[in-house]
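Asks: To start, I am sharing the structure in question, which I have written as structure tokens.
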Amino acid sequence: MPLSLSAERRLDGHRVTAIDPSLPAAELIASVRERWDRHETILVDSASAPVGAVRLDLGSTDVALLQRTSGTTGAPRMFAFERAAVEAHAAATARAMEVPPGHRVAMAIRAGTAYYTSVVLMSMFNDNALVVFDPLDIDSAIRAILERQIDTLDAGVRFWQTIAVKARRNPAIIDALADLSVRGVGGDPLPPSVEAHYRQNGTPLANGYGLTQAGPNVAIGLRPSAKEGSCGRPLDGVECTIRDSELMVRSPFTAVGEVVDHQLVALSGTDDDGWLRTGDRARIVDGEVVPLGRLRDQTRAAS
């Protein structure tokens, strides 16, 4: 279950409200919008990382969003984002995906993750109709694709792998996929075979790179690249560089801090110039980010 606050409460002038990410799409958007307009602090948590009731001291910062990680690359953590950064990140994401207001934006992403939250907030600020599919309910998503009920679709790697298998039995799925303006994929590394399959069928996936504390979105590859594994160019305002094989990110959307022992503390892993360590190996080729795996995986392989 999501991180639970027993009730809305004020903490140093902040009203902190836990959002239930399992709400139906329309209710979810309405709930987030209502709290955003009230200048409350919104808390979103992955269903895989329950921690129970908490108390938080957010200090005097203009924290609008608390996002807990799923813990897939380590112990779960909670990051705090300021209001202006959240709004700017949503706008930059919509521009990178070339999603105009009014488009029907769909996702099949695990509820409460940073990827999930970014799609929700982009849809809300960009005036998009949001459609949410259970990641395990592939058939419902396929019906919506075939009936042209959605304009974009973001989903995880396994979802797209399953769609590929079903499309081999029903070629009409490929034709319908081609009508989507965005076929976004994220959350896990995209296997070359899956990337190649969709590219060969004329329906390339828009691969992206991000991490929770960076906004989460860092780069999005909307169009096919000649570089295998490319996640495209960084979002507007985001800078990327390589130091000792590690991808470093400097972004206006980065978390203002991290919640540790109920207190908001400075974000770890950043230097004095605002560069954030990602823990990922990567290359930057012609301005495009090409992830190569976790640094710890390289260390393990060498030992």
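How things are named: the first chain in the structure tokens is A, the next is B, and so on; residues count from 1 in each chain; ligands count from 1 in the order shown.
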Using the chain letters and numbers from this document, which residues of segment 104-258 of chain A does DSSP assign to strand (DSSP E or B), as a PyMOL selection string?
Replies: chain A and resi 104-108+129-132+152-155+182-185+206-210+217-221+233-234+239-243+246-250+257-258
Asks: Would you kindly return, as a ChimeraX atom specification, each protein, DNA or RNA residue with an atom no farther than 9 Å from any atom of segment 232-247 of chain A, considering only C-alpha atoms and excluding same-chain residues fewer than 5 positions away?
Replies: /A:89,92-93,95-96,206-209,217-225,252-253,275-284,286-291,294-295
Asks: For Arg148 of chain A, which residue out of A:Ala176, A:Ala114, A:Val120, A:Ala226 is the nearest one, using only C-alpha atoms?
Replies: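 Nearest to Arg148 of chain A: A:Ala176.
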Asks: What does the structure give for the distance between atom CA of Ala214 of chain A and atom CA of Leu292 of chain A, in Å to one decimal?
Replies: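 Separating atom CA of Ala214 of chain A from atom CA of Leu292 of chain A is a distance of 18.2 Å.
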Asks: Within 10 Å of Ser181 of chain A, counting only C-alpha atoms, which residues qualify if same-chain residues fewer than 5 places away don't, as JSON, numbers by chain?
Replies: {"A": [97, 98, 99, 103, 105, 150, 151, 152, 153, 203, 206, 222]}
Asks: Would you mind exporting the chosen residues as a short mmCIF file (atom, residue, chain, number, x, y, z; two decimals), in the first residue's frame, restricted to N, CA and C atoms?
Replies:
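Full text of part.cif as output:
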data_model
loop_
_atom_site.label_atom_id
_atom_site.label_comp_id
_atom_site.auth_asym_id
_atom_site.auth_seq_id
_atom_site.Cartn_x
_atom_site.Cartn_y
_atom_site.Cartn_z
N MET A 97 8.25 15.28 -25.61
CA MET A 97 7.40 14.24 -26.19
C MET A 97 6.48 14.78 -27.29
N GLU A 98 6.52 16.10 -27.46
CA GLU A 98 5.69 16.77 -28.47
C GLU A 98 4.21 16.40 -28.30
N VAL A 99 3.77 16.48 -27.05
CA VAL A 99 2.37 16.17 -26.72
C VAL A 99 1.60 17.48 -26.58
N HIS A 103 -4.43 15.99 -26.11
CA HIS A 103 -4.11 14.62 -26.48
C HIS A 103 -4.52 13.66 -25.37
N VAL A 105 -3.48 10.87 -23.26
CA VAL A 105 -2.21 10.30 -22.79
C VAL A 105 -2.50 9.06 -21.95
N ILE A 150 -6.62 6.22 -27.75
CA ILE A 150 -5.53 6.95 -27.09
C ILE A 150 -4.57 7.49 -28.15
N ASP A 151 -3.81 8.52 -27.77
CA ASP A 151 -2.86 9.14 -28.70
C ASP A 151 -1.42 8.81 -28.35
N THR A 152 -1.13 8.56 -27.08
CA THR A 152 0.21 8.19 -26.66
C THR A 152 0.11 7.05 -25.65
N LEU A 153 1.20 6.32 -25.48
CA LEU A 153 1.22 5.24 -24.50
C LEU A 153 2.62 5.10 -23.92
N THR A 203 7.51 1.14 -35.93
CA THR A 203 6.87 1.70 -34.74
C THR A 203 7.91 1.84 -33.62
N ALA A 206 10.00 5.22 -27.94
CA ALA A 206 10.66 6.43 -27.43
C ALA A 206 11.30 6.07 -26.10
N LEU A 222 12.54 10.73 -28.61
CA LEU A 222 11.24 10.59 -29.28
C LEU A 222 11.38 9.96 -30.66
#
Asks: Expressed in Å to a single decimal, how great is the separation between atom CA of Ser22 of chain A and atom CA of Phe159 of chain A?
Replies: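 Interatomic distance here is 18.4 Å.
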Asks: Write out as an NGL selection string which residues come within 8 Å of Ala64 of chain A when counting only C-alpha atoms, dropping same-chain ones fewer than 6 positions away.
Replies: :A and (36 or 39-42 or 80-83 or 86)
Asks: For the residues selected in the previous step, produce a file with N, CA and C atoms as a tab-separated table (two decimals), in the first residue's frame.
Replies:
chain	number	residue	atom	x	y	z
A	36	TRP	N	-2.92	20.61	-5.33
A	36	TRP	CA	-1.93	21.52	-5.90
A	36	TRP	C	-2.42	22.97	-5.82
A	39	HIS	N	-1.97	24.60	-2.61
A	39	HIS	CA	-0.56	24.70	-2.20
A	39	HIS	C	-0.23	23.72	-1.07
A	40	GLU	N	-0.83	22.55	-1.14
A	40	GLU	CA	-0.47	21.50	-0.22
A	40	GLU	C	0.75	20.75	-0.75
A	41	THR	N	1.41	20.02	0.12
A	41	THR	CA	2.51	19.15	-0.31
A	41	THR	C	1.93	17.77	-0.59
A	42	ILE	N	2.18	17.27	-1.79
A	42	ILE	CA	1.63	15.99	-2.24
A	42	ILE	C	2.67	14.90	-2.06
A	80	ALA	N	12.32	15.37	-2.19
A	80	ALA	CA	11.42	16.53	-2.13
A	80	ALA	C	11.69	17.47	-3.30
A	81	PHE	N	10.60	17.93	-3.94
A	81	PHE	CA	10.71	18.80	-5.10
A	81	PHE	C	9.93	20.09	-4.88
A	82	GLU	N	10.52	21.21	-5.27
A	82	GLU	CA	9.85	22.49	-5.11
A	82	GLU	C	8.82	22.70	-6.23
A	83	ARG	N	7.84	23.52	-5.92
A	83	ARG	CA	6.71	23.75	-6.81
A	83	ARG	C	7.14	24.18	-8.22
A	86	VAL	N	8.69	21.34	-10.27
A	86	VAL	CA	7.72	20.33	-10.71
A	86	VAL	C	6.96	20.82	-11.94
Asks: Enumerate as a PDB file with N, CA and C atoms, in the first residue's frame all residues of segment 107-260 of chain A assigned to helix (DSSP H, G or I) by DSSP on the backbone, naming them with the chain letters and numbers the document uses.
Replies:
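As written to disk, result-v6.pdb reads:
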ATOM      1  N   ALA A 114       8.094   7.050  -9.766  1.00  0.00           N
ATOM      2  CA  ALA A 114       8.392   8.384 -10.280  1.00  0.00           C
ATOM      3  C   ALA A 114       7.980   8.513 -11.745  1.00  0.00           C
ATOM      4  N   TYR A 115       8.157   7.452 -12.519  1.00  0.00           N
ATOM      5  CA  TYR A 115       7.733   7.453 -13.921  1.00  0.00           C
ATOM      6  C   TYR A 115       6.228   7.703 -14.002  1.00  0.00           C
ATOM      7  N   TYR A 116       5.485   6.995 -13.177  1.00  0.00           N
ATOM      8  CA  TYR A 116       4.032   7.145 -13.113  1.00  0.00           C
ATOM      9  C   TYR A 116       3.664   8.592 -12.753  1.00  0.00           C
ATOM     10  N   THR A 117       4.289   9.118 -11.712  1.00  0.00           N
ATOM     11  CA  THR A 117       3.980  10.474 -11.261  1.00  0.00           C
ATOM     12  C   THR A 117       4.276  11.500 -12.340  1.00  0.00           C
ATOM     13  N   SER A 118       5.365  11.310 -13.087  1.00  0.00           N
ATOM     14  CA  SER A 118       5.725  12.285 -14.120  1.00  0.00           C
ATOM     15  C   SER A 118       4.670  12.345 -15.223  1.00  0.00           C
ATOM     16  N   VAL A 119       4.083  11.193 -15.572  1.00  0.00           N
ATOM     17  CA  VAL A 119       3.031  11.187 -16.594  1.00  0.00           C
ATOM     18  C   VAL A 119       1.763  11.855 -16.060  1.00  0.00           C
ATOM     19  N   VAL A 120       1.442  11.585 -14.803  1.00  0.00           N
ATOM     20  CA  VAL A 120       0.263  12.209 -14.185  1.00  0.00           C
ATOM     21  C   VAL A 120       0.397  13.729 -14.191  1.00  0.00           C
ATOM     22  N   LEU A 121       1.545  14.228 -13.742  1.00  0.00           N
ATOM     23  CA  LEU A 121       1.733  15.674 -13.636  1.00  0.00           C
ATOM     24  C   LEU A 121       1.818  16.333 -15.008  1.00  0.00           C
ATOM     25  N   MET A 122       2.474  15.688 -15.974  1.00  0.00           N
ATOM     26  CA  MET A 122       2.501  16.239 -17.328  1.00  0.00           C
ATOM     27  C   MET A 122       1.090  16.358 -17.871  1.00  0.00           C
ATOM     28  N   SER A 123       0.281  15.318 -17.669  1.00  0.00           N
ATOM     29  CA  SER A 123      -1.092  15.341 -18.165  1.00  0.00           C
ATOM     30  C   SER A 123      -1.893  16.453 -17.506  1.00  0.00           C
ATOM     31  N   MET A 124      -1.708  16.625 -16.205  1.00  0.00           N
ATOM     32  CA  MET A 124      -2.463  17.639 -15.482  1.00  0.00           C
ATOM     33  C   MET A 124      -2.095  19.048 -15.940  1.00  0.00           C
ATOM     34  N   PHE A 125      -0.816  19.344 -15.987  1.00  0.00           N
ATOM     35  CA  PHE A 125      -0.382  20.695 -16.343  1.00  0.00           C
ATOM     36  C   PHE A 125      -0.546  20.983 -17.838  1.00  0.00           C
ATOM     37  N   ILE A 138      -2.921  -6.409 -20.350  1.00  0.00           N
ATOM     38  CA  ILE A 138      -2.452  -6.075 -21.696  1.00  0.00           C
ATOM     39  C   ILE A 138      -3.612  -5.971 -22.678  1.00  0.00           C
ATOM     40  N   ASP A 139      -4.601  -6.840 -22.515  1.00  0.00           N
ATOM     41  CA  ASP A 139      -5.699  -6.888 -23.485  1.00  0.00           C
ATOM     42  C   ASP A 139      -6.510  -5.589 -23.507  1.00  0.00           C
ATOM     43  N   SER A 140      -6.718  -4.981 -22.346  1.00  0.00           N
ATOM     44  CA  SER A 140      -7.451  -3.708 -22.316  1.00  0.00           C
ATOM     45  C   SER A 140      -6.689  -2.624 -23.063  1.00  0.00           C
ATOM     46  N   ALA A 141      -5.380  -2.602 -22.898  1.00  0.00           N
ATOM     47  CA  ALA A 141      -4.564  -1.621 -23.614  1.00  0.00           C
ATOM     48  C   ALA A 141      -4.614  -1.875 -25.116  1.00  0.00           C
ATOM     49  N   ILE A 142      -4.563  -3.141 -25.519  1.00  0.00           N
ATOM     50  CA  ILE A 142      -4.608  -3.469 -26.946  1.00  0.00           C
ATOM     51  C   ILE A 142      -5.932  -3.036 -27.558  1.00  0.00           C
ATOM     52  N   ARG A 143      -7.042  -3.241 -26.831  1.00  0.00           N
ATOM     53  CA  ARG A 143      -8.338  -2.806 -27.351  1.00  0.00           C
ATOM     54  C   ARG A 143      -8.359  -1.296 -27.563  1.00  0.00           C
ATOM     55  N   ALA A 144      -7.800  -0.565 -26.619  1.00  0.00           N
ATOM     56  CA  ALA A 144      -7.770   0.893 -26.742  1.00  0.00           C
ATOM     57  C   ALA A 144      -6.897   1.325 -27.920  1.00  0.00           C
ATOM     58  N   ILE A 145      -5.803   0.612 -28.135  1.00  0.00           N
ATOM     59  CA  ILE A 145      -4.926   0.920 -29.271  1.00  0.00           C
ATOM     60  C   ILE A 145      -5.645   0.636 -30.585  1.00  0.00           C
ATOM     61  N   LEU A 146      -6.268  -0.543 -30.689  1.00  0.00           N
ATOM     62  CA  LEU A 146      -6.952  -0.932 -31.923  1.00  0.00           C
ATOM     63  C   LEU A 146      -8.131  -0.015 -32.241  1.00  0.00           C
ATOM     64  N   VAL A 157       9.167  -2.113 -19.990  1.00  0.00           N
ATOM     65  CA  VAL A 157       9.756  -3.007 -20.990  1.00  0.00           C
ATOM     66  C   VAL A 157       8.941  -4.280 -21.152  1.00  0.00           C
ATOM     67  N   ARG A 158       8.554  -4.908 -20.053  1.00  0.00           N
ATOM     68  CA  ARG A 158       7.822  -6.180 -20.154  1.00  0.00           C
ATOM     69  C   ARG A 158       6.493  -5.999 -20.871  1.00  0.00           C
ATOM     70  N   PHE A 159       5.856  -4.872 -20.667  1.00  0.00           N
ATOM     71  CA  PHE A 159       4.595  -4.588 -21.348  1.00  0.00           C
ATOM     72  C   PHE A 159       4.810  -4.587 -22.866  1.00  0.00           C
ATOM     73  N   TRP A 160       5.847  -3.874 -23.313  1.00  0.00           N
ATOM     74  CA  TRP A 160       6.119  -3.803 -24.755  1.00  0.00           C
ATOM     75  C   TRP A 160       6.566  -5.150 -25.315  1.00  0.00           C
ATOM     76  N   GLN A 161       7.246  -5.939 -24.510  1.00  0.00           N
ATOM     77  CA  GLN A 161       7.616  -7.285 -24.959  1.00  0.00           C
ATOM     78  C   GLN A 161       6.369  -8.135 -25.201  1.00  0.00           C
ATOM     79  N   THR A 162       5.389  -8.031 -24.312  1.00  0.00           N
ATOM     80  CA  THR A 162       4.155  -8.791 -24.471  1.00  0.00           C
ATOM     81  C   THR A 162       3.348  -8.297 -25.669  1.00  0.00           C
ATOM     82  N   ILE A 163       3.296  -7.002 -25.852  1.00  0.00           N
ATOM     83  CA  ILE A 163       2.605  -6.443 -27.018  1.00  0.00           C
ATOM     84  C   ILE A 163       3.219  -6.985 -28.308  1.00  0.00           C
ATOM     85  N   ALA A 164       4.542  -7.086 -28.342  1.00  0.00           N
ATOM     86  CA  ALA A 164       5.226  -7.590 -29.538  1.00  0.00           C
ATOM     87  C   ALA A 164       4.807  -9.020 -29.853  1.00  0.00           C
ATOM     88  N   VAL A 165       4.675  -9.850 -28.826  1.00  0.00           N
ATOM     89  CA  VAL A 165       4.255 -11.242 -29.031  1.00  0.00           C
ATOM     90  C   VAL A 165       2.836 -11.287 -29.580  1.00  0.00           C
ATOM     91  N   LYS A 166       1.950 -10.493 -29.012  1.00  0.00           N
ATOM     92  CA  LYS A 166       0.559 -10.487 -29.460  1.00  0.00           C
ATOM     93  C   LYS A 166       0.428  -9.905 -30.864  1.00  0.00           C
ATOM     94  N   ALA A 167       1.287  -8.957 -31.209  1.00  0.00           N
ATOM     95  CA  ALA A 167       1.219  -8.344 -32.532  1.00  0.00           C
ATOM     96  C   ALA A 167       1.621  -9.327 -33.636  1.00  0.00           C
ATOM     97  N   ARG A 168       2.433 -10.309 -33.293  1.00  0.00           N
ATOM     98  CA  ARG A 168       2.800 -11.321 -34.286  1.00  0.00           C
ATOM     99  C   ARG A 168       1.579 -12.138 -34.700  1.00  0.00           C
ATOM    100  N   ARG A 169       0.631 -12.291 -33.776  1.00  0.00           N
ATOM    101  CA  ARG A 169      -0.587 -13.042 -34.078  1.00  0.00           C
ATOM    102  C   ARG A 169      -1.658 -12.160 -34.691  1.00  0.00           C
ATOM    103  N   ALA A 172      -2.801  -6.283 -37.127  1.00  0.00           N
ATOM    104  CA  ALA A 172      -3.535  -5.014 -37.021  1.00  0.00           C
ATOM    105  C   ALA A 172      -3.026  -4.186 -35.846  1.00  0.00           C
ATOM    106  N   ILE A 173      -2.432  -4.846 -34.866  1.00  0.00           N
ATOM    107  CA  ILE A 173      -1.893  -4.126 -33.715  1.00  0.00           C
ATOM    108  C   ILE A 173      -0.752  -3.216 -34.147  1.00  0.00           C
ATOM    109  N   ILE A 174       0.096  -3.714 -35.037  1.00  0.00           N
ATOM    110  CA  ILE A 174       1.213  -2.900 -35.527  1.00  0.00           C
ATOM    111  C   ILE A 174       0.701  -1.664 -36.250  1.00  0.00           C
ATOM    112  N   ASP A 175      -0.313  -1.841 -37.093  1.00  0.00           N
ATOM    113  CA  ASP A 175      -0.884  -0.693 -37.813  1.00  0.00           C
ATOM    114  C   ASP A 175      -1.440   0.342 -36.837  1.00  0.00           C
ATOM    115  N   ALA A 176      -2.099  -0.138 -35.777  1.00  0.00           N
ATOM    116  CA  ALA A 176      -2.672   0.786 -34.793  1.00  0.00           C
ATOM    117  C   ALA A 176      -1.585   1.466 -33.972  1.00  0.00           C
ATOM    118  N   LEU A 177      -0.521   0.737 -33.653  1.00  0.00           N
ATOM    119  CA  LEU A 177       0.587   1.328 -32.909  1.00  0.00           C
ATOM    120  C   LEU A 177       1.222   2.478 -33.677  1.00  0.00           C
ATOM    121  N   PRO A 192      18.198  -4.666 -26.598  1.00  0.00           N
ATOM    122  CA  PRO A 192      18.399  -4.360 -28.021  1.00  0.00           C
ATOM    123  C   PRO A 192      17.420  -5.090 -28.932  1.00  0.00           C
ATOM    124  N   SER A 193      17.062  -6.331 -28.567  1.00  0.00           N
ATOM    125  CA  SER A 193      16.157  -7.105 -29.425  1.00  0.00           C
ATOM    126  C   SER A 193      14.765  -6.470 -29.482  1.00  0.00           C
ATOM    127  N   VAL A 194      14.301  -5.924 -28.357  1.00  0.00           N
ATOM    128  CA  VAL A 194      12.993  -5.276 -28.323  1.00  0.00           C
ATOM    129  C   VAL A 194      13.052  -3.957 -29.091  1.00  0.00           C
ATOM    130  N   GLU A 195      14.113  -3.217 -28.877  1.00  0.00           N
ATOM    131  CA  GLU A 195      14.288  -1.960 -29.613  1.00  0.00           C
ATOM    132  C   GLU A 195      14.285  -2.224 -31.114  1.00  0.00           C
ATOM    133  N   ALA A 196      15.029  -3.251 -31.553  1.00  0.00           N
ATOM    134  CA  ALA A 196      15.127  -3.576 -32.976  1.00  0.00           C
ATOM    135  C   ALA A 196      13.796  -4.039 -33.540  1.00  0.00           C
ATOM    136  N   HIS A 197      13.046  -4.826 -32.762  1.00  0.00           N
ATOM    137  CA  HIS A 197      11.752  -5.333 -33.241  1.00  0.00           C
ATOM    138  C   HIS A 197      10.816  -4.188 -33.610  1.00  0.00           C
ATOM    139  N   TYR A 198      10.663  -3.230 -32.735  1.00  0.00           N
ATOM    140  CA  TYR A 198       9.734  -2.135 -33.003  1.00  0.00           C
ATOM    141  C   TYR A 198      10.250  -1.216 -34.110  1.00  0.00           C
ATOM    142  N   ARG A 199      11.544  -1.045 -34.156  1.00  0.00           N
ATOM    143  CA  ARG A 199      12.097  -0.202 -35.212  1.00  0.00           C
ATOM    144  C   ARG A 199      11.869  -0.847 -36.581  1.00  0.00           C
ATOM    145  N   GLN A 200      12.096  -2.149 -36.677  1.00  0.00           N
ATOM    146  CA  GLN A 200      11.919  -2.859 -37.942  1.00  0.00           C
ATOM    147  C   GLN A 200      10.467  -2.867 -38.404  1.00  0.00           C
ATOM    148  N   THR A 212      14.820   9.170 -10.060  1.00  0.00           N
ATOM    149  CA  THR A 212      13.835   9.891  -9.264  1.00  0.00           C
ATOM    150  C   THR A 212      14.324  11.266  -8.837  1.00  0.00           C
ATOM    151  N   GLN A 213      15.515  11.350  -8.250  1.00  0.00           N
ATOM    152  CA  GLN A 213      15.980  12.612  -7.685  1.00  0.00           C
ATOM    153  C   GLN A 213      16.320  13.662  -8.741  1.00  0.00           C
ATOM    154  N   ALA A 214      16.367  13.260 -10.009  1.00  0.00           N
ATOM    155  CA  ALA A 214      16.660  14.210 -11.087  1.00  0.00           C
ATOM    156  C   ALA A 214      15.406  14.815 -11.680  1.00  0.00           C
TER     157      ALA A 214
END
Asks: Find the residues near Gly274 of chain A: any atom within 9 Å, counting only C-alpha atoms, skip ones fewer than 2 places away on the same chain, and give them as a compact mmCIF listing (two decimals) with N, CA and C atoms, in the first residue's frame.
Replies:
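out32.txt written:
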# COMPACT_ATOMS: atom_id res chain seq x y z
N VAL A 249 24.55 14.61 -14.05
CA VAL A 249 23.41 15.39 -14.52
C VAL A 249 23.31 16.68 -13.71
N ARG A 250 23.10 17.78 -14.42
CA ARG A 250 22.79 19.05 -13.75
C ARG A 250 21.47 19.54 -14.33
N SER A 251 20.47 19.66 -13.45
CA SER A 251 19.11 19.90 -13.93
C SER A 251 18.37 20.87 -13.03
N THR A 270 25.61 15.30 -4.90
CA THR A 270 25.77 16.47 -5.75
C THR A 270 27.02 17.24 -5.32
N ASP A 271 27.72 17.84 -6.31
CA ASP A 271 28.90 18.62 -5.96
C ASP A 271 28.53 20.10 -5.82
N ASP A 272 29.52 20.93 -5.57
CA ASP A 272 29.28 22.35 -5.32
C ASP A 272 28.73 23.07 -6.54
N LEU A 276 24.91 16.13 -10.32
CA LEU A 276 24.39 14.98 -9.59
C LEU A 276 25.00 13.69 -10.12
Asks: When you count only C-alpha atoms, which of these residues is closest to Thr113 of chain A: A:Val132, A:Ile29, A:Val16, A:Val44?
Replies: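 Nearest to Thr113 of chain A: A:Val44.
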Asks: Separation of atom CA of Ala91 of chain A and atom CA of Glu228 of chain A, in Å?
Replies: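 We find that atom CA of Ala91 of chain A and atom CA of Glu228 of chain A lie 27.4 Å from each other.
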Asks: For Gly102 of chain A, which residue among A:Ala129, A:Leu190, A:Val285, A:Leu180 is the nearest when counting only C-alpha atoms?
Replies: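 Comparing A:Ala129, A:Leu190, A:Val285, A:Leu180 against Gly102 of chain A, the winner is A:Ala129.
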